[in-house]
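File shown here: structure.cif, holding mmCIF, N, CA, C and O atoms.
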```cif
data_final
#
loop_
_atom_site.label_atom_id
_atom_site.label_comp_id
_atom_site.auth_asym_id
_atom_site.auth_seq_id
_atom_site.Cartn_x
_atom_site.Cartn_y
_atom_site.Cartn_z
N MET A 606 3.71 0.75 -26.26
CA MET A 606 3.46 -0.19 -25.16
C MET A 606 2.44 0.44 -24.21
O MET A 606 2.59 1.57 -23.79
N ILE A 607 1.42 -0.30 -23.88
CA ILE A 607 0.37 0.21 -22.99
C ILE A 607 0.72 -0.16 -21.54
O ILE A 607 1.16 -1.26 -21.26
N ARG A 608 0.59 0.79 -20.65
CA ARG A 608 0.85 0.54 -19.24
C ARG A 608 -0.27 -0.30 -18.66
O ARG A 608 -1.42 -0.20 -19.07
N MET A 609 0.05 -1.10 -17.65
CA MET A 609 -0.94 -2.00 -17.06
C MET A 609 -2.05 -1.22 -16.35
O MET A 609 -3.20 -1.62 -16.38
N GLY A 610 -1.72 -0.10 -15.74
CA GLY A 610 -2.75 0.70 -15.08
C GLY A 610 -3.74 1.27 -16.08
O GLY A 610 -4.95 1.32 -15.84
N LEU A 611 -3.23 1.67 -17.23
CA LEU A 611 -4.08 2.21 -18.29
C LEU A 611 -4.96 1.10 -18.87
O LEU A 611 -6.11 1.34 -19.23
N PHE A 612 -4.44 -0.10 -18.92
CA PHE A 612 -5.22 -1.24 -19.39
C PHE A 612 -6.44 -1.46 -18.49
O PHE A 612 -7.55 -1.70 -18.98
N ALA A 613 -6.24 -1.35 -17.18
CA ALA A 613 -7.36 -1.50 -16.25
C ALA A 613 -8.38 -0.39 -16.43
O ALA A 613 -9.59 -0.62 -16.35
N ILE A 614 -7.91 0.82 -16.71
CA ILE A 614 -8.82 1.95 -16.92
C ILE A 614 -9.65 1.72 -18.19
O ILE A 614 -10.86 1.98 -18.21
N ILE A 615 -9.00 1.22 -19.24
CA ILE A 615 -9.71 0.94 -20.49
C ILE A 615 -10.80 -0.09 -20.26
O ILE A 615 -11.94 0.07 -20.70
N ARG A 616 -10.45 -1.15 -19.55
CA ARG A 616 -11.45 -2.20 -19.28
C ARG A 616 -12.61 -1.65 -18.45
O ARG A 616 -13.76 -1.96 -18.70
N ARG A 617 -12.29 -0.81 -17.47
CA ARG A 617 -13.34 -0.23 -16.62
C ARG A 617 -14.25 0.67 -17.44
O ARG A 617 -15.47 0.64 -17.29
N MET A 618 -13.66 1.48 -18.32
CA MET A 618 -14.48 2.36 -19.16
C MET A 618 -15.41 1.54 -20.05
O MET A 618 -16.56 1.91 -20.26
N HIS A 619 -14.90 0.45 -20.57
CA HIS A 619 -15.69 -0.35 -21.51
C HIS A 619 -16.75 -1.18 -20.78
O HIS A 619 -17.91 -1.23 -21.21
N MET A 620 -16.36 -1.84 -19.69
CA MET A 620 -17.26 -2.76 -19.00
C MET A 620 -18.26 -2.05 -18.08
O MET A 620 -19.44 -2.34 -18.11
N ARG A 621 -17.78 -1.15 -17.25
CA ARG A 621 -18.66 -0.52 -16.26
C ARG A 621 -19.37 0.71 -16.80
O ARG A 621 -20.57 0.88 -16.59
N GLN A 622 -18.62 1.57 -17.46
CA GLN A 622 -19.21 2.82 -17.93
C GLN A 622 -19.87 2.67 -19.29
O GLN A 622 -20.52 3.59 -19.77
N ARG A 623 -19.67 1.52 -19.92
CA ARG A 623 -20.29 1.21 -21.22
C ARG A 623 -19.94 2.24 -22.29
O ARG A 623 -20.78 2.62 -23.10
N LEU A 624 -18.68 2.69 -22.30
CA LEU A 624 -18.25 3.63 -23.32
C LEU A 624 -17.84 2.87 -24.58
O LEU A 624 -17.36 1.75 -24.52
N SER A 625 -18.02 3.52 -25.71
CA SER A 625 -17.63 2.90 -26.97
C SER A 625 -16.11 2.96 -27.12
O SER A 625 -15.43 3.74 -26.45
N ILE A 626 -15.59 2.15 -28.00
CA ILE A 626 -14.15 2.14 -28.26
C ILE A 626 -13.70 3.50 -28.77
O ILE A 626 -12.64 4.00 -28.39
N ARG A 627 -14.52 4.11 -29.59
CA ARG A 627 -14.18 5.43 -30.12
C ARG A 627 -14.07 6.47 -28.99
O ARG A 627 -13.16 7.30 -28.98
N GLU A 628 -14.99 6.43 -28.05
CA GLU A 628 -14.97 7.38 -26.93
C GLU A 628 -13.77 7.12 -26.02
O GLU A 628 -13.12 8.06 -25.55
N ILE A 629 -13.46 5.86 -25.78
CA ILE A 629 -12.29 5.52 -24.97
C ILE A 629 -11.02 6.03 -25.66
O ILE A 629 -10.13 6.58 -25.02
N ALA A 630 -10.96 5.86 -26.97
CA ALA A 630 -9.80 6.33 -27.73
C ALA A 630 -9.67 7.85 -27.63
O ALA A 630 -8.56 8.38 -27.48
N ARG A 631 -10.78 8.54 -27.67
CA ARG A 631 -10.75 9.99 -27.57
C ARG A 631 -10.24 10.43 -26.19
O ARG A 631 -9.43 11.35 -26.07
N ARG A 632 -10.70 9.76 -25.13
CA ARG A 632 -10.33 10.15 -23.77
C ARG A 632 -8.89 9.77 -23.42
O ARG A 632 -8.23 10.47 -22.66
N THR A 633 -8.41 8.65 -23.93
CA THR A 633 -7.08 8.18 -23.55
C THR A 633 -5.99 8.61 -24.51
O THR A 633 -4.81 8.60 -24.16
N GLY A 634 -6.35 8.93 -25.74
CA GLY A 634 -5.36 9.32 -26.72
C GLY A 634 -4.73 8.13 -27.43
O GLY A 634 -3.79 8.30 -28.20
N LEU A 635 -5.23 6.93 -27.18
CA LEU A 635 -4.74 5.74 -27.86
C LEU A 635 -5.56 5.51 -29.13
O LEU A 635 -6.66 6.03 -29.26
N SER A 636 -5.03 4.70 -30.02
CA SER A 636 -5.78 4.42 -31.25
C SER A 636 -6.90 3.43 -30.96
O SER A 636 -6.84 2.65 -30.01
N ARG A 637 -7.92 3.45 -31.80
CA ARG A 637 -9.04 2.53 -31.64
C ARG A 637 -8.56 1.09 -31.82
O ARG A 637 -9.06 0.19 -31.15
N ASN A 638 -7.61 0.88 -32.72
CA ASN A 638 -7.09 -0.47 -32.94
C ASN A 638 -6.41 -1.02 -31.68
O ASN A 638 -6.59 -2.18 -31.32
N THR A 639 -5.65 -0.18 -31.01
CA THR A 639 -4.97 -0.60 -29.78
C THR A 639 -5.98 -0.96 -28.71
O THR A 639 -5.85 -1.99 -28.03
N ILE A 640 -6.99 -0.14 -28.55
CA ILE A 640 -8.01 -0.40 -27.53
C ILE A 640 -8.77 -1.67 -27.86
O ILE A 640 -9.00 -2.52 -26.99
N ALA A 641 -9.15 -1.85 -29.10
CA ALA A 641 -9.87 -3.06 -29.50
C ALA A 641 -9.02 -4.30 -29.28
O ALA A 641 -9.52 -5.34 -28.82
N LYS A 642 -7.73 -4.21 -29.58
CA LYS A 642 -6.84 -5.35 -29.40
C LYS A 642 -6.76 -5.76 -27.93
O LYS A 642 -6.86 -6.94 -27.59
N HIS A 643 -6.64 -4.78 -27.03
CA HIS A 643 -6.52 -5.10 -25.61
C HIS A 643 -7.84 -5.57 -25.02
O HIS A 643 -7.85 -6.40 -24.11
N LEU A 644 -8.95 -5.06 -25.50
CA LEU A 644 -10.24 -5.54 -25.01
C LEU A 644 -10.51 -6.96 -25.51
O LEU A 644 -11.11 -7.76 -24.81
N ALA A 645 -10.07 -7.28 -26.71
CA ALA A 645 -10.28 -8.62 -27.27
C ALA A 645 -9.39 -9.65 -26.60
O ALA A 645 -9.71 -10.84 -26.60
N ALA A 646 -8.27 -9.21 -26.04
CA ALA A 646 -7.33 -10.15 -25.43
C ALA A 646 -7.94 -10.83 -24.20
O ALA A 646 -7.58 -11.94 -23.87
N GLU A 647 -8.88 -10.15 -23.52
CA GLU A 647 -9.55 -10.71 -22.34
C GLU A 647 -8.56 -11.17 -21.27
O GLU A 647 -8.84 -12.10 -20.54
N THR A 648 -7.41 -10.57 -21.23
CA THR A 648 -6.46 -10.94 -20.19
C THR A 648 -6.62 -10.00 -19.02
O THR A 648 -7.04 -8.85 -19.16
N ILE A 649 -6.27 -10.49 -17.87
CA ILE A 649 -6.36 -9.70 -16.65
C ILE A 649 -4.93 -9.33 -16.26
O ILE A 649 -3.99 -10.07 -16.52
N GLU A 650 -4.79 -8.19 -15.63
CA GLU A 650 -3.47 -7.73 -15.23
C GLU A 650 -2.79 -8.78 -14.36
O GLU A 650 -3.41 -9.34 -13.47
N PRO A 651 -1.53 -9.04 -14.61
CA PRO A 651 -0.82 -9.99 -13.75
C PRO A 651 -0.60 -9.38 -12.37
O PRO A 651 -0.32 -8.19 -12.23
N LYS A 652 -0.78 -10.19 -11.36
CA LYS A 652 -0.53 -9.76 -10.00
C LYS A 652 0.81 -10.32 -9.58
O LYS A 652 1.02 -11.53 -9.59
N PHE A 653 1.73 -9.45 -9.25
CA PHE A 653 3.06 -9.88 -8.85
C PHE A 653 3.09 -10.02 -7.34
O PHE A 653 2.72 -9.11 -6.61
N SER A 654 3.56 -11.17 -6.89
CA SER A 654 3.63 -11.40 -5.46
C SER A 654 4.94 -10.84 -4.92
O SER A 654 5.98 -10.92 -5.57
N ILE A 655 4.87 -10.27 -3.77
CA ILE A 655 6.05 -9.73 -3.11
C ILE A 655 6.62 -10.84 -2.23
O ILE A 655 5.90 -11.39 -1.39
N PRO A 656 7.87 -11.20 -2.42
CA PRO A 656 8.42 -12.30 -1.63
C PRO A 656 8.53 -11.92 -0.16
O PRO A 656 8.80 -10.76 0.18
N GLU A 657 8.29 -12.90 0.69
CA GLU A 657 8.42 -12.67 2.13
C GLU A 657 9.89 -12.62 2.47
O GLU A 657 10.66 -13.51 2.12
N ARG A 658 10.29 -11.56 3.11
CA ARG A 658 11.67 -11.47 3.55
C ARG A 658 11.69 -10.88 4.96
O ARG A 658 10.81 -10.11 5.31
N PRO A 659 12.67 -11.24 5.72
CA PRO A 659 12.69 -10.76 7.10
C PRO A 659 12.91 -9.25 7.16
O PRO A 659 13.62 -8.67 6.35
N SER A 660 12.28 -8.65 8.13
CA SER A 660 12.39 -7.22 8.35
C SER A 660 13.45 -6.95 9.41
O SER A 660 13.72 -7.80 10.27
N LYS A 661 14.04 -5.77 9.35
CA LYS A 661 14.99 -5.39 10.40
C LYS A 661 14.28 -5.24 11.74
O LYS A 661 14.91 -5.30 12.79
N LEU A 662 12.96 -5.07 11.68
CA LEU A 662 12.19 -4.84 12.89
C LEU A 662 11.80 -6.16 13.59
O LEU A 662 11.41 -6.14 14.75
N ASP A 663 11.92 -7.29 12.90
CA ASP A 663 11.49 -8.57 13.47
C ASP A 663 12.08 -8.87 14.85
O ASP A 663 11.34 -9.28 15.75
N PRO A 664 13.39 -8.68 15.07
CA PRO A 664 13.92 -8.97 16.42
C PRO A 664 13.36 -8.03 17.50
O PRO A 664 13.39 -8.38 18.68
N PHE A 665 12.87 -6.88 17.10
CA PHE A 665 12.39 -5.90 18.07
C PHE A 665 10.86 -5.81 18.12
O PHE A 665 10.31 -4.99 18.85
N ALA A 666 10.18 -6.65 17.34
CA ALA A 666 8.72 -6.56 17.23
C ALA A 666 8.02 -6.81 18.56
O ALA A 666 7.05 -6.12 18.91
N GLU A 667 8.50 -7.80 19.31
CA GLU A 667 7.87 -8.13 20.59
C GLU A 667 7.99 -6.96 21.57
O GLU A 667 7.03 -6.59 22.24
N LYS A 668 9.17 -6.36 21.64
CA LYS A 668 9.38 -5.22 22.54
C LYS A 668 8.52 -4.03 22.13
O LYS A 668 7.88 -3.39 22.97
N LEU A 669 8.46 -3.75 20.83
CA LEU A 669 7.65 -2.63 20.35
C LEU A 669 6.17 -2.87 20.61
O LEU A 669 5.44 -1.95 20.99
N SER A 670 5.72 -4.12 20.43
CA SER A 670 4.32 -4.44 20.73
C SER A 670 4.01 -4.19 22.20
O SER A 670 2.94 -3.66 22.54
N GLY A 671 4.92 -4.59 23.06
CA GLY A 671 4.73 -4.34 24.49
C GLY A 671 4.66 -2.86 24.80
O GLY A 671 3.82 -2.42 25.59
N TRP A 672 5.55 -2.09 24.20
CA TRP A 672 5.53 -0.64 24.41
C TRP A 672 4.22 -0.04 23.92
O TRP A 672 3.63 0.81 24.59
N LEU A 673 3.77 -0.47 22.76
CA LEU A 673 2.52 0.08 22.23
C LEU A 673 1.34 -0.27 23.12
O LEU A 673 0.42 0.54 23.31
N LYS A 674 1.38 -1.48 23.67
CA LYS A 674 0.28 -1.90 24.56
C LYS A 674 0.27 -1.07 25.84
O LYS A 674 -0.79 -0.61 26.28
N THR A 675 1.43 -0.81 26.43
CA THR A 675 1.46 -0.01 27.66
C THR A 675 1.12 1.45 27.38
O THR A 675 0.45 2.10 28.18
N GLU A 676 1.57 1.95 26.23
CA GLU A 676 1.28 3.35 25.89
C GLU A 676 -0.20 3.54 25.59
O GLU A 676 -0.74 4.62 25.81
N ALA A 677 -0.87 2.52 25.09
CA ALA A 677 -2.29 2.63 24.77
C ALA A 677 -3.13 2.85 26.03
O ALA A 677 -4.19 3.47 25.98
N GLY A 678 -2.64 2.36 27.15
CA GLY A 678 -3.37 2.51 28.40
C GLY A 678 -3.17 3.85 29.07
O GLY A 678 -3.90 4.21 29.99
N LYS A 679 -2.21 4.61 28.61
CA LYS A 679 -1.92 5.91 29.24
C LYS A 679 -2.76 7.02 28.62
O LYS A 679 -3.30 6.87 27.53
N SER A 680 -2.82 8.13 29.32
CA SER A 680 -3.54 9.28 28.77
C SER A 680 -2.72 9.89 27.63
O SER A 680 -1.51 9.66 27.52
N ARG A 681 -3.35 10.67 26.82
CA ARG A 681 -2.71 11.21 25.61
C ARG A 681 -1.47 12.03 25.94
O ARG A 681 -0.46 11.96 25.25
N LYS A 682 -1.52 12.81 27.00
CA LYS A 682 -0.40 13.68 27.35
C LYS A 682 0.81 12.89 27.89
O LYS A 682 1.93 13.36 27.83
N GLN A 683 0.56 11.71 28.44
CA GLN A 683 1.65 10.93 29.05
C GLN A 683 2.25 9.91 28.10
O GLN A 683 3.24 9.28 28.42
N ARG A 684 1.66 9.72 26.93
CA ARG A 684 2.17 8.74 25.98
C ARG A 684 3.48 9.18 25.35
O ARG A 684 3.71 10.36 25.13
N ARG A 685 4.32 8.20 25.02
CA ARG A 685 5.52 8.48 24.24
C ARG A 685 5.12 8.49 22.77
O ARG A 685 4.25 7.74 22.34
N THR A 686 5.77 9.30 22.00
CA THR A 686 5.49 9.33 20.56
C THR A 686 6.23 8.19 19.89
O THR A 686 7.15 7.59 20.45
N LEU A 687 5.85 7.92 18.65
CA LEU A 687 6.53 6.89 17.90
C LEU A 687 7.98 7.28 17.62
O LEU A 687 8.85 6.42 17.53
N LYS A 688 8.23 8.57 17.48
CA LYS A 688 9.62 9.01 17.28
C LYS A 688 10.47 8.69 18.50
O LYS A 688 11.64 8.29 18.37
N GLN A 689 9.89 8.84 19.68
CA GLN A 689 10.63 8.51 20.90
C GLN A 689 10.87 7.01 20.98
O GLN A 689 11.94 6.56 21.37
N MET A 690 9.85 6.21 20.59
CA MET A 690 10.01 4.76 20.59
C MET A 690 11.07 4.34 19.58
O MET A 690 11.87 3.43 19.85
N HIS A 691 11.09 4.99 18.42
CA HIS A 691 12.11 4.69 17.42
C HIS A 691 13.50 5.00 17.97
O HIS A 691 14.44 4.21 17.80
N ALA A 692 13.63 6.13 18.65
CA ALA A 692 14.92 6.49 19.23
C ALA A 692 15.36 5.45 20.27
O ALA A 692 16.54 5.09 20.33
N ASP A 693 14.41 4.95 21.07
CA ASP A 693 14.74 3.92 22.05
C ASP A 693 15.16 2.62 21.37
O ASP A 693 16.07 1.93 21.85
N LEU A 694 14.49 2.28 20.28
CA LEU A 694 14.87 1.07 19.54
C LEU A 694 16.27 1.22 18.94
O LEU A 694 17.04 0.25 18.90
N VAL A 695 16.60 2.41 18.47
CA VAL A 695 17.94 2.65 17.93
C VAL A 695 18.98 2.45 19.01
O VAL A 695 20.06 1.88 18.77
N LYS A 696 18.68 2.89 20.24
CA LYS A 696 19.60 2.67 21.36
C LYS A 696 19.80 1.19 21.64
O LYS A 696 20.87 0.78 22.09
N LEU A 697 18.77 0.38 21.34
CA LEU A 697 18.86 -1.07 21.55
C LEU A 697 19.53 -1.79 20.38
O LEU A 697 19.70 -3.00 20.44
N GLY A 698 19.84 -1.05 19.31
CA GLY A 698 20.54 -1.67 18.19
C GLY A 698 19.74 -1.77 16.91
O GLY A 698 20.20 -2.37 15.94
N PHE A 699 18.56 -1.21 16.86
CA PHE A 699 17.74 -1.23 15.65
C PHE A 699 18.36 -0.31 14.61
O PHE A 699 18.68 0.84 14.90
N THR A 700 18.52 -0.80 13.38
CA THR A 700 19.15 0.01 12.33
C THR A 700 18.16 0.45 11.26
O THR A 700 18.55 1.08 10.28
N GLY A 701 16.88 0.14 11.44
CA GLY A 701 15.88 0.49 10.44
C GLY A 701 15.40 1.93 10.57
O GLY A 701 15.83 2.68 11.44
N SER A 702 14.48 2.29 9.70
CA SER A 702 14.00 3.67 9.65
C SER A 702 12.77 3.86 10.54
O SER A 702 12.14 2.91 10.99
N TYR A 703 12.45 5.14 10.74
CA TYR A 703 11.24 5.49 11.49
C TYR A 703 9.99 5.02 10.76
O TYR A 703 9.01 4.61 11.39
N GLY A 704 10.03 5.05 9.44
CA GLY A 704 8.88 4.63 8.64
C GLY A 704 8.47 3.20 8.92
O GLY A 704 7.28 2.87 8.92
N ARG A 705 9.43 2.32 9.12
CA ARG A 705 9.13 0.92 9.45
C ARG A 705 8.42 0.84 10.79
O ARG A 705 7.49 0.05 10.97
N VAL A 706 8.89 1.61 11.75
CA VAL A 706 8.27 1.61 13.09
C VAL A 706 6.84 2.14 13.00
O VAL A 706 5.91 1.57 13.59
N ALA A 707 6.65 3.21 12.23
CA ALA A 707 5.31 3.79 12.08
C ALA A 707 4.38 2.81 11.37
O ALA A 707 3.21 2.68 11.75
N ALA A 708 4.88 2.12 10.34
CA ALA A 708 4.05 1.14 9.63
C ALA A 708 3.67 -0.02 10.55
O ALA A 708 2.54 -0.51 10.52
N PHE A 709 4.62 -0.46 11.38
CA PHE A 709 4.34 -1.53 12.34
C PHE A 709 3.27 -1.08 13.31
O PHE A 709 2.34 -1.84 13.62
N ALA A 710 3.36 0.17 13.80
CA ALA A 710 2.38 0.68 14.77
C ALA A 710 1.00 0.80 14.13
O ALA A 710 -0.02 0.48 14.75
N ARG A 711 0.94 1.26 12.86
CA ARG A 711 -0.35 1.33 12.16
C ARG A 711 -0.99 -0.04 12.05
O ARG A 711 -2.18 -0.22 12.33
N GLN A 712 -0.20 -1.03 11.64
CA GLN A 712 -0.72 -2.38 11.50
C GLN A 712 -1.13 -2.95 12.85
O GLN A 712 -2.15 -3.63 12.96
N TRP A 713 -0.35 -2.65 13.87
CA TRP A 713 -0.66 -3.13 15.22
C TRP A 713 -1.99 -2.56 15.69
O TRP A 713 -2.81 -3.27 16.28
N ARG A 714 -2.24 -1.29 15.42
CA ARG A 714 -3.52 -0.67 15.82
C ARG A 714 -4.69 -1.27 15.05
O ARG A 714 -5.78 -1.42 15.60
N LEU A 715 -4.48 -1.58 13.77
CA LEU A 715 -5.56 -2.18 12.97
C LEU A 715 -5.89 -3.58 13.47
O LEU A 715 -7.05 -4.00 13.45
N ASP A 716 -4.88 -4.31 13.91
CA ASP A 716 -5.09 -5.69 14.37
C ASP A 716 -5.79 -5.74 15.73
O ASP A 716 -6.43 -6.75 16.06
N ARG A 717 -5.68 -4.67 16.50
CA ARG A 717 -6.31 -4.68 17.84
C ARG A 717 -7.79 -4.53 17.74
O ARG A 717 -8.46 -3.86 17.23
#
```
Show me, as structure tokens, the structure contained in the file I just sent.
Amino acid sequence: MIRMGLFAIIRRMHMRQRLSIREIARRTGLSRNTIAKHLAAETIEPKFSIPERPSKLDPFAEKLSGWLKTEAGKSRKQRRTLKQMHADLVKLGFTGSYGRVAAFARQWRLDR
């Protein structure tokens, strides 16, 4: 069974780098027949959609956004860290991880 990531690599080697099937087989360790079969299939990797589901952070998103906005106006030495903000959210009843808070802050900074 060929992995989907390897399938994309095979297609890239053949289409962009213009490598022969024999050379692709040598580099990947797959048989020439397998490579030829997958190149002839002309199928594209399926894209799996991730279902939208509510986050544990959703009820606290507005408060965290406000905190991030006020902290952005302060000097670097006076800002609270994300770990401190996570601890404050836990005091308010947040049961999620620090990673969720950090991901929210990264996305919030990109959106600004």
Suppose you want the space between CA of Leu662 (chain A) and CA of Gly701 (chain A); what is it in Å?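 Answer for the CA of Leu662 (chain A) to CA of Gly701 (chain A) separation: 6.9 Å.
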Rank nothing, just name the residue among A:Met620, A:Leu611, A:Ala710, A:Leu669 nearest to Asp693 (chain A), using only C-alpha atoms. A:Leu669
Care to translate the PyMOL selection byres (((chain A and resi 686-689 and name CA) around 8) and name CA) into actual residues of this file, as a list of chain:residue names? A:Arg684, A:Arg685, A:Met690, A:His691, A:Ala692, A:Asp693, A:Tyr703, A:Val706, A:Ala707
So the first atom is atom C of Gly678 (chain A) and the second is atom N of Arg714 (chain A); what is the distance between them in Å, to one decimal place? 14.6 Å
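Atom pair atom N of Thr675 (chain A) / atom N of Leu697 (chain A) has a distance of 18.1 Å (rounded to one decimal).
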